[in-house]
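Text of target-v2.pdb, listed as PDB, C-alpha atoms, pLDDT in the B column:
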ATOM      1  CA  MET W 264       0.000   0.000   0.000  1.00 59.00           C
ATOM      2  CA  ALA W 265       1.328   3.419  -0.974  1.00 60.00           C
ATOM      3  CA  ALA W 266       1.981   6.035   1.666  1.00 67.00           C
ATOM      4  CA  ARG W 267      -0.314   9.048   1.626  1.00 75.00           C
ATOM      5  CA  LEU W 268       1.146  12.479   1.242  1.00 66.00           C
ATOM      6  CA  PRO W 269       0.184  14.987   3.893  1.00 72.00           C
ATOM      7  CA  SER W 270      -2.228  17.756   2.782  1.00 73.00           C
ATOM      8  CA  TRP W 271       0.400  20.478   3.284  1.00 69.00           C
ATOM      9  CA  ALA W 272       2.567  18.792   0.621  1.00 64.00           C
ATOM     10  CA  TRP W 273      -0.332  18.810  -1.863  1.00 57.00           C
ATOM     11  CA  VAL W 274      -1.062  22.483  -1.156  1.00 66.00           C
ATOM     12  CA  SER W 275       2.617  23.400  -1.473  1.00 68.00           C
ATOM     13  CA  GLY W 276       2.920  21.514  -4.763  1.00 64.00           C
ATOM     14  CA  LEU W 277      -0.172  23.163  -6.225  1.00 67.00           C
ATOM     15  CA  THR W 278       1.033  26.613  -5.095  1.00 70.00           C
ATOM     16  CA  VAL W 279       4.456  26.096  -6.712  1.00 64.00           C
ATOM     17  CA  GLY W 280       2.812  24.852  -9.917  1.00 63.00           C
ATOM     18  CA  ALA W 281       0.454  27.840 -10.061  1.00 62.00           C
ATOM     19  CA  THR W 282       3.333  30.257  -9.436  1.00 65.00           C
ATOM     20  CA  VAL W 283       5.389  28.708 -12.247  1.00 59.00           C
ATOM     21  CA  ALA W 284       2.406  28.979 -14.623  1.00 57.00           C
ATOM     22  CA  VAL W 285       1.827  32.660 -13.747  1.00 53.00           C
ATOM     23  CA  VAL W 286       5.518  33.494 -14.220  1.00 56.00           C
ATOM     24  CA  ALA W 287       5.583  31.717 -17.585  1.00 56.00           C
ATOM     25  CA  LEU W 288       2.509  33.640 -18.757  1.00 58.00           C
ATOM     26  CA  ALA W 289       4.011  36.928 -17.536  1.00 54.00           C
ATOM     27  CA  VAL W 290       7.223  36.277 -19.496  1.00 51.00           C
ATOM     28  CA  GLN W 291       5.193  35.493 -22.631  1.00 58.00           C
ATOM     29  CA  ALA W 292       3.125  38.660 -22.183  1.00 52.00           C
ATOM     30  CA  GLU W 293       6.268  40.774 -21.760  1.00 54.00           C
ATOM     31  CA  HIS W 294       7.531  39.641 -25.173  1.00 52.00           C
ATOM     32  CA  GLY W 295       4.186  40.094 -26.947  1.00 51.00           C
ATOM     33  CA  PRO W 296       2.676  43.259 -28.502  1.00 50.00           C
ATOM     34  CA  HIS W 297       1.756  46.058 -26.133  1.00 44.00           C
ATOM     35  CA  PRO W 298      -1.351  48.185 -26.713  1.00 44.00           C
ATOM     36  CA  THR W 299      -0.947  51.939 -26.821  1.00 43.00           C
ATOM     37  CA  ALA W 300      -3.473  54.673 -26.195  1.00 39.00           C
ATOM     38  CA  ALA W 301      -3.425  55.587 -29.886  1.00 41.00           C
ATOM     39  CA  SER W 302      -4.470  52.073 -30.917  1.00 41.00           C
ATOM     40  CA  VAL W 303      -7.524  51.959 -28.654  1.00 40.00           C
ATOM     41  CA  GLN W 304     -10.628  52.840 -30.634  1.00 44.00           C
ATOM     42  CA  PRO W 305     -13.552  54.431 -28.807  1.00 44.00           C
ATOM     43  CA  SER W 306     -16.703  52.384 -28.924  1.00 43.00           C
ATOM     44  CA  THR W 307     -19.414  53.551 -31.252  1.00 45.00           C
ATOM     45  CA  SER W 308     -23.068  53.300 -30.486  1.00 44.00           C
ATOM     46  CA  VAL W 309     -25.716  52.466 -33.021  1.00 45.00           C
ATOM     47  CA  SER W 310     -29.020  54.280 -32.880  1.00 45.00           C
ATOM     48  CA  ALA W 311     -32.206  52.250 -32.514  1.00 46.00           C
ATOM     49  CA  GLY W 312     -33.185  52.964 -36.127  1.00 46.00           C
ATOM     50  CA  THR W 313     -29.982  51.599 -37.753  1.00 48.00           C
ATOM     51  CA  HIS W 314     -29.338  47.998 -38.629  1.00 50.00           C
ATOM     52  CA  GLY W 315     -25.638  48.182 -39.516  1.00 50.00           C
ATOM     53  CA  SER W 316     -22.612  49.099 -37.493  1.00 56.00           C
ATOM     54  CA  ALA W 317     -21.212  52.599 -37.458  1.00 62.00           C
ATOM     55  CA  LYS W 318     -17.653  52.969 -38.722  1.00 65.00           C
ATOM     56  CA  PRO W 319     -15.302  54.606 -36.213  1.00 67.00           C
ATOM     57  CA  LYS W 320     -13.571  57.787 -37.328  1.00 69.00           C
ATOM     58  CA  PRO W 321      -9.842  57.459 -37.933  1.00 64.00           C
ATOM     59  CA  PRO W 322      -7.703  59.218 -35.308  1.00 68.00           C
ATOM     60  CA  ALA W 323      -7.028  62.841 -36.161  1.00 78.00           C
ATOM     61  CA  GLY W 324      -3.482  63.561 -37.275  1.00 82.00           C
ATOM     62  CA  PRO W 325      -1.692  66.894 -37.342  1.00 86.00           C
ATOM     63  CA  PRO W 326      -3.348  69.695 -39.294  1.00 90.00           C
ATOM     64  CA  ALA W 327      -2.727  69.805 -43.026  1.00 93.00           C
ATOM     65  CA  LEU W 328      -0.284  72.239 -44.571  1.00 96.00           C
ATOM     66  CA  PRO W 329      -2.170  75.553 -44.828  1.00 95.00           C
ATOM     67  CA  ALA W 330      -3.425  76.498 -48.286  1.00 91.00           C
ATOM     68  CA  ASP W 331      -1.882  79.576 -49.896  1.00 89.00           C
ATOM     69  CA  SER W 332       1.333  79.105 -47.929  1.00 94.00           C
ATOM     70  CA  GLY W 333       3.585  79.683 -50.909  1.00 93.00           C
ATOM     71  CA  ASP W 334       5.464  77.484 -53.326  1.00 94.00           C
ATOM     72  CA  GLY W 335       8.738  75.602 -53.318  1.00 96.00           C
ATOM     73  CA  ARG W 336      11.085  74.800 -50.456  1.00 97.00           C
ATOM     74  CA  ARG W 337      10.020  76.722 -47.356  1.00 98.00           C
ATOM     75  CA  ILE W 338       9.155  76.822 -43.689  1.00 98.00           C
ATOM     76  CA  VAL W 339       5.485  77.495 -42.965  1.00 98.00           C
ATOM     77  CA  TYR W 340       4.456  78.888 -39.570  1.00 98.00           C
ATOM     78  CA  SER W 341       0.774  78.972 -38.572  1.00 98.00           C
ATOM     79  CA  LEU W 342       0.023  81.439 -35.786  1.00 97.00           C
ATOM     80  CA  ALA W 343      -3.369  79.879 -34.958  1.00 96.00           C
ATOM     81  CA  ALA W 344      -2.154  76.272 -35.009  1.00 96.00           C
ATOM     82  CA  LYS W 345       1.161  77.134 -33.266  1.00 97.00           C
ATOM     83  CA  ARG W 346       2.842  74.765 -35.709  1.00 98.00           C
ATOM     84  CA  LEU W 347       5.653  74.660 -38.278  1.00 98.00           C
ATOM     85  CA  TRP W 348       5.798  72.693 -41.517  1.00 98.00           C
ATOM     86  CA  LEU W 349       9.004  71.955 -43.393  1.00 98.00           C
ATOM     87  CA  VAL W 350       8.168  71.784 -47.104  1.00 98.00           C
ATOM     88  CA  ASP W 351      10.498  70.447 -49.819  1.00 97.00           C
ATOM     89  CA  ALA W 352      11.068  71.935 -53.286  1.00 96.00           C
ATOM     90  CA  THR W 353       8.176  69.922 -54.767  1.00 96.00           C
ATOM     91  CA  GLY W 354       5.756  71.369 -52.209  1.00 95.00           C
ATOM     92  CA  LYS W 355       5.573  68.153 -50.172  1.00 95.00           C
ATOM     93  CA  GLU W 356       5.421  68.442 -46.387  1.00 96.00           C
ATOM     94  CA  ILE W 357       8.365  66.525 -44.920  1.00 96.00           C
ATOM     95  CA  ARG W 358       7.848  67.312 -41.232  1.00 97.00           C
ATOM     96  CA  THR W 359       5.434  69.212 -38.992  1.00 98.00           C
ATOM     97  CA  PHE W 360       5.556  69.963 -35.274  1.00 97.00           C
ATOM     98  CA  GLU W 361       4.161  72.218 -32.565  1.00 96.00           C
ATOM     99  CA  VAL W 362       5.901  75.389 -31.418  1.00 96.00           C
ATOM    100  CA  TRP W 363       5.512  77.712 -28.433  1.00 94.00           C
ATOM    101  CA  PRO W 364       5.618  81.370 -29.461  1.00 94.00           C
ATOM    102  CA  GLY W 365       6.944  84.179 -27.287  1.00 92.00           C
ATOM    103  CA  THR W 366       4.990  87.321 -26.473  1.00 93.00           C
ATOM    104  CA  VAL W 367       5.861  89.182 -29.702  1.00 94.00           C
ATOM    105  CA  THR W 368       3.797  87.996 -32.668  1.00 93.00           C
ATOM    106  CA  LEU W 369       5.302  87.729 -36.124  1.00 95.00           C
ATOM    107  CA  PRO W 370       2.742  89.257 -38.552  1.00 96.00           C
ATOM    108  CA  PRO W 371       1.515  87.066 -41.431  1.00 98.00           C
ATOM    109  CA  GLY W 372       3.661  87.456 -44.528  1.00 97.00           C
ATOM    110  CA  ARG W 373       6.751  86.208 -46.320  1.00 97.00           C
ATOM    111  CA  TYR W 374      10.175  86.278 -44.683  1.00 98.00           C
ATOM    112  CA  SER W 375      13.479  84.436 -44.894  1.00 98.00           C
ATOM    113  CA  ILE W 376      16.058  83.178 -42.419  1.00 98.00           C
ATOM    114  CA  SER W 377      18.378  86.165 -42.014  1.00 98.00           C
ATOM    115  CA  LYS W 378      20.906  84.744 -39.564  1.00 98.00           C
ATOM    116  CA  ARG W 379      21.729  81.469 -37.797  1.00 98.00           C
ATOM    117  CA  THR W 380      23.444  81.061 -34.436  1.00 97.00           C
ATOM    118  CA  GLN W 381      24.340  77.622 -33.026  1.00 97.00           C
ATOM    119  CA  SER W 382      23.761  78.512 -29.344  1.00 97.00           C
ATOM    120  CA  ILE W 383      23.280  81.548 -27.086  1.00 97.00           C
ATOM    121  CA  THR W 384      21.310  82.604 -24.036  1.00 94.00           C
ATOM    122  CA  GLY W 385      17.815  83.781 -24.951  1.00 91.00           C
ATOM    123  CA  SER W 386      16.428  87.128 -23.810  1.00 87.00           C
ATOM    124  CA  ASP W 387      14.474  85.192 -21.171  1.00 86.00           C
ATOM    125  CA  GLY W 388      17.744  83.886 -19.681  1.00 88.00           C
ATOM    126  CA  VAL W 389      17.267  80.329 -21.014  1.00 91.00           C
ATOM    127  CA  PRO W 390      20.241  78.721 -22.835  1.00 95.00           C
ATOM    128  CA  ILE W 391      19.031  78.002 -26.397  1.00 96.00           C
ATOM    129  CA  GLU W 392      20.383  76.426 -29.580  1.00 97.00           C
ATOM    130  CA  HIS W 393      19.525  76.180 -33.282  1.00 98.00           C
ATOM    131  CA  VAL W 394      18.618  79.871 -33.359  1.00 98.00           C
ATOM    132  CA  MET W 395      17.250  80.986 -36.741  1.00 98.00           C
ATOM    133  CA  TYR W 396      16.367  84.683 -36.984  1.00 98.00           C
ATOM    134  CA  VAL W 397      13.347  85.596 -39.089  1.00 98.00           C
ATOM    135  CA  ALA W 398      12.480  89.265 -38.473  1.00 97.00           C
ATOM    136  CA  MET W 399      12.530  92.177 -36.057  1.00 96.00           C
ATOM    137  CA  VAL W 400       9.157  93.236 -34.647  1.00 96.00           C
ATOM    138  CA  ASP W 401       8.821  96.244 -32.322  1.00 93.00           C
ATOM    139  CA  GLY W 402      12.575  96.226 -31.743  1.00 94.00           C
ATOM    140  CA  VAL W 403      12.579  92.518 -30.779  1.00 95.00           C
ATOM    141  CA  ASN W 404      14.291  89.771 -32.783  1.00 96.00           C
ATOM    142  CA  VAL W 405      11.866  86.994 -33.671  1.00 97.00           C
ATOM    143  CA  ALA W 406      13.646  83.660 -34.070  1.00 97.00           C
ATOM    144  CA  PHE W 407      13.031  79.917 -34.004  1.00 98.00           C
ATOM    145  CA  SER W 408      15.010  78.009 -31.355  1.00 97.00           C
ATOM    146  CA  ASN W 409      14.899  75.247 -28.786  1.00 96.00           C
ATOM    147  CA  ALA W 410      16.033  75.268 -25.172  1.00 94.00           C
ATOM    148  CA  LEU W 411      19.240  73.289 -24.576  1.00 93.00           C
ATOM    149  CA  ASP W 412      17.474  71.258 -21.875  1.00 90.00           C
ATOM    150  CA  GLY W 413      14.475  70.639 -24.152  1.00 83.00           C
ATOM    151  CA  ALA W 414      12.032  72.505 -21.899  1.00 82.00           C
ATOM    152  CA  SER W 415       9.609  75.125 -23.145  1.00 75.00           C
ATOM    153  CA  PRO W 416       8.372  77.100 -20.174  1.00 70.00           C
ATOM    154  CA  PRO W 417       5.730  79.748 -20.832  1.00 75.00           C
ATOM    155  CA  PRO W 418       7.134  83.207 -21.664  1.00 72.00           C
ATOM    156  CA  ALA W 419       7.678  85.555 -18.727  1.00 69.00           C
ATOM    157  CA  GLU W 420       4.764  87.915 -18.117  1.00 74.00           C
ATOM    158  CA  GLY W 421       5.342  91.504 -19.127  1.00 80.00           C
ATOM    159  CA  LYS W 422       8.475  90.810 -21.205  1.00 88.00           C
ATOM    160  CA  LYS W 423       8.729  91.306 -24.946  1.00 92.00           C
ATOM    161  CA  LEU W 424      10.076  87.950 -26.124  1.00 93.00           C
ATOM    162  CA  GLY W 425      10.426  86.923 -29.763  1.00 94.00           C
ATOM    163  CA  GLY W 426      11.546  83.330 -29.307  1.00 94.00           C
ATOM    164  CA  ILE W 427       9.431  80.704 -31.046  1.00 96.00           C
ATOM    165  CA  ARG W 428      10.467  77.572 -29.153  1.00 96.00           C
ATOM    166  CA  MET W 429      10.141  73.940 -30.054  1.00 96.00           C
ATOM    167  CA  ARG W 430      11.182  70.520 -28.784  1.00 95.00           C
ATOM    168  CA  LYS W 431      14.888  69.703 -29.005  1.00 96.00           C
ATOM    169  CA  GLN W 432      14.541  67.102 -31.810  1.00 96.00           C
ATOM    170  CA  ASP W 433      12.347  69.500 -33.806  1.00 97.00           C
ATOM    171  CA  GLY W 434      14.922  72.277 -33.369  1.00 97.00           C
ATOM    172  CA  ALA W 435      17.615  69.968 -34.751  1.00 97.00           C
ATOM    173  CA  ALA W 436      15.406  69.071 -37.739  1.00 98.00           C
ATOM    174  CA  LEU W 437      14.667  72.734 -38.461  1.00 98.00           C
ATOM    175  CA  TRP W 438      18.370  73.610 -38.170  1.00 98.00           C
ATOM    176  CA  ALA W 439      19.255  70.884 -40.691  1.00 98.00           C
ATOM    177  CA  PHE W 440      16.494  72.036 -43.063  1.00 98.00           C
ATOM    178  CA  GLY W 441      16.756  75.832 -42.988  1.00 96.00           C
ATOM    179  CA  ASP W 442      19.859  77.631 -44.205  1.00 95.00           C
ATOM    180  CA  GLN W 443      20.308  81.376 -44.258  1.00 96.00           C
ATOM    181  CA  GLY W 444      17.946  82.657 -46.956  1.00 97.00           C
ATOM    182  CA  THR W 445      15.386  79.838 -46.599  1.00 98.00           C
ATOM    183  CA  ASN W 446      11.884  81.184 -47.207  1.00 98.00           C
ATOM    184  CA  VAL W 447       9.493  81.434 -44.258  1.00 98.00           C
ATOM    185  CA  THR W 448       5.759  81.917 -44.778  1.00 98.00           C
ATOM    186  CA  VAL W 449       3.701  83.044 -41.785  1.00 98.00           C
ATOM    187  CA  VAL W 450      -0.065  82.456 -41.984  1.00 98.00           C
ATOM    188  CA  LYS W 451      -2.869  83.188 -39.562  1.00 95.00           C
TER     189      LYS W 451
END

I'd like the structure from this file rewritten - as structure tokens, please.
Amino acid sequence: MAARLPSWAWVSGLTVGATVAVVALAVQAEHGPHPTAASVQPSTSVSAGTHGSAKPKPPAGPPALPADSGDGRRIVYSLAAKRLWLVDATGKEIRTFEVWPGTVTLPPGRYSISKRTQSITGSDGVPIEHVMYVAMVDGVNVAFSNALDGASPPPAEGKKLGGIRMRKQDGAALWAFGDQGTNVTVVK
């Protein structure tokens, strides 16, 4: 006759087995695809009078390149959208990104990059790089740049600041794209 195992041995064995199974599933899950917020589609409801299913709207992307923003290779800056577009010679948008304007607004119109400076301290005291001067408005230089540390704090109240700041990687892309003389179109 076989000896019986005590109940504590059975419980311990089952606990170890369950733990091994959970760890194995966790390792598999870690190596599988991970959902992101952008891939989650909101549920759609169907009204009582419809018999089909409603198609979800595709997620909204960045705004399109503004119409009447010029021709050829250029930088387009939308005041309302607070966004830049880098446009190649064929008129194709190659990159777009958000910007954070200073307190001095660059009026709509056509400009060009008049000067480039690798790095300086901005008039707000923030170390900046990839500085590309566009115009002077009310005695203030208006220029694209990014903070060296990548931050974009809001402009200081009561100061006339012409910096149009962007993220560090966007500043590097703009610097690589825009030479002195590159056209800049500013739209509302």

Quiz item: Which of these residues is nearest to W:Asp331, using all atoms listed in the file: W:Ile427, W:Gly354, W:Pro418, W:Val389?
Solution: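 Using all atoms listed in the file, W:Asp331 sits closest to W:Gly354.
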
Quiz item: Which distance in Å separates atom CA of W:Gly421 and atom CA of W:Val403, to one decimal?
Solution: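 Interatomic distance here is 13.8 Å.
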
Practice problem: For the structure provided, state which residues fall under the PyMOL selection byres ((chain W and resi 388) around 12), and present them as JSON, numbers by chain. | Solution: {"W": [383, 384, 385, 386, 387, 389, 390, 391, 410, 411, 416, 418, 419, 422, 424, 426]}

Quiz item: Looking at all atoms listed in the file, which of W:Thr366, W:Ser375, W:Thr380, W:Ser332 is the one that sits closest to W:Val350?
Solution: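 Of W:Thr366, W:Ser375, W:Thr380, W:Ser332, the one nearest W:Val350, counting all atoms listed in the file, is W:Ser332.
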
Practice problem: May I ask for the distance between atom CA of W:Gly413 and atom CA of W:Gly372, given in Å to one decimal place? | Solution: 28.5 Å

Practice problem: Kindly give the distance, in Å, that separates atom CA of W:Ala330 and atom CA of W:Asp401, rounded to a single decimal. | Solution: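 For atom CA of W:Ala330 relative to atom CA of W:Asp401, the distance reads 28.2 Å.
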
Quiz item: Restricting the calculation to only C-alpha atoms, which member of W:Arg428, W:Lys451, W:Lys378, W:Arg373 is positioned closest to W:Gly333?
Solution: W:Arg373

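This file gives the following result for the PyMOL selection byres ((chain W and resi 368) around 9): Leu342, Pro364, Gly365, Thr366, Val367, Leu369, Pro370, Val400, Val405 and Gly425 of chain W.
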
Could you save the residues just selected, with C-alpha atoms, as a CSV table (one decimal), in the frame of the given file?
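For reference, out-v3.csv as written:
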chain,number,residue,atom,x,y,z
W,342,LEU,CA,0.0,81.4,-35.8
W,364,PRO,CA,5.6,81.4,-29.5
W,365,GLY,CA,6.9,84.2,-27.3
W,366,THR,CA,5.0,87.3,-26.5
W,367,VAL,CA,5.9,89.2,-29.7
W,369,LEU,CA,5.3,87.7,-36.1
W,370,PRO,CA,2.7,89.3,-38.6
W,400,VAL,CA,9.2,93.2,-34.6
W,405,VAL,CA,11.9,87.0,-33.7
W,425,GLY,CA,10.4,86.9,-29.8

Quiz item: Within 9 Å of W:Ser377, counting all atoms listed in the file, which residues qualify if same-chain residues fewer than 5 places away don't, as a list of chain:residue names?
Solution: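 My list of contacting residues is W:Met395, W:Tyr396, W:Val397, W:Ala398, W:Asp442, W:Gln443, W:Gly444, W:Thr445.
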
Based on the selection just made, write C-alpha atoms of those residues as an mmCIF file, in the coordinates of the input.
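In the end it all went to result-v8.cif:
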data_model
loop_
_atom_site.group_PDB
_atom_site.id
_atom_site.type_symbol
_atom_site.label_atom_id
_atom_site.label_comp_id
_atom_site.auth_asym_id
_atom_site.auth_seq_id
_atom_site.Cartn_x
_atom_site.Cartn_y
_atom_site.Cartn_z
ATOM 1 C CA MET W 395 17.250 80.986 -36.741
ATOM 2 C CA TYR W 396 16.367 84.683 -36.984
ATOM 3 C CA VAL W 397 13.347 85.596 -39.089
ATOM 4 C CA ALA W 398 12.480 89.265 -38.473
ATOM 5 C CA ASP W 442 19.859 77.631 -44.205
ATOM 6 C CA GLN W 443 20.308 81.376 -44.258
ATOM 7 C CA GLY W 444 17.946 82.657 -46.956
ATOM 8 C CA THR W 445 15.386 79.838 -46.599
#

Practice problem: Report as a ChimeraX atom specification the residues that result from applying the PyMOL selection byres ((chain W and resi 447) around 7) to the structure here. | Solution: /W:337-339,373-375,445-446,448-449

Output file for the selection above: C-alpha atoms, as an mmCIF file, in the coordinates of the input:
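Result file is again_5.cif:
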data_model
loop_
_atom_site.group_PDB
_atom_site.id
_atom_site.type_symbol
_atom_site.label_atom_id
_atom_site.label_comp_id
_atom_site.auth_asym_id
_atom_site.auth_seq_id
_atom_site.Cartn_x
_atom_site.Cartn_y
_atom_site.Cartn_z
ATOM 1 C CA ARG W 337 10.020 76.722 -47.356
ATOM 2 C CA ILE W 338 9.155 76.822 -43.689
ATOM 3 C CA VAL W 339 5.485 77.495 -42.965
ATOM 4 C CA ARG W 373 6.751 86.208 -46.320
ATOM 5 C CA TYR W 374 10.175 86.278 -44.683
ATOM 6 C CA SER W 375 13.479 84.436 -44.894
ATOM 7 C CA THR W 445 15.386 79.838 -46.599
ATOM 8 C CA ASN W 446 11.884 81.184 -47.207
ATOM 9 C CA THR W 448 5.759 81.917 -44.778
ATOM 10 C CA VAL W 449 3.701 83.044 -41.785
#

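The shortest atom-to-atom distance to W:Phe360, with all atoms listed in the file taken into account, belongs to W:Lys431 out of W:Arg379, W:Val450, W:Ala439, W:Lys431.
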
Practice problem: Point out the residue among W:Thr359, W:Met399, W:Ile376, W:Ala352 with the least atom-to-atom distance to W:Arg430, counting all atoms listed in the file. | Solution: W:Thr359

Given 8 Å of margin on each side, can you work out the centre and size in Å (one decimal) of an axis-aligned box holding every listed atom of stretch 348-352 of chain W, as lines of an AutoDock Vina configuration file?
center_x = 8.4
center_y = 71.6
center_z = -47.4
size_x = 21.3
size_y = 18.2
size_z = 27.8
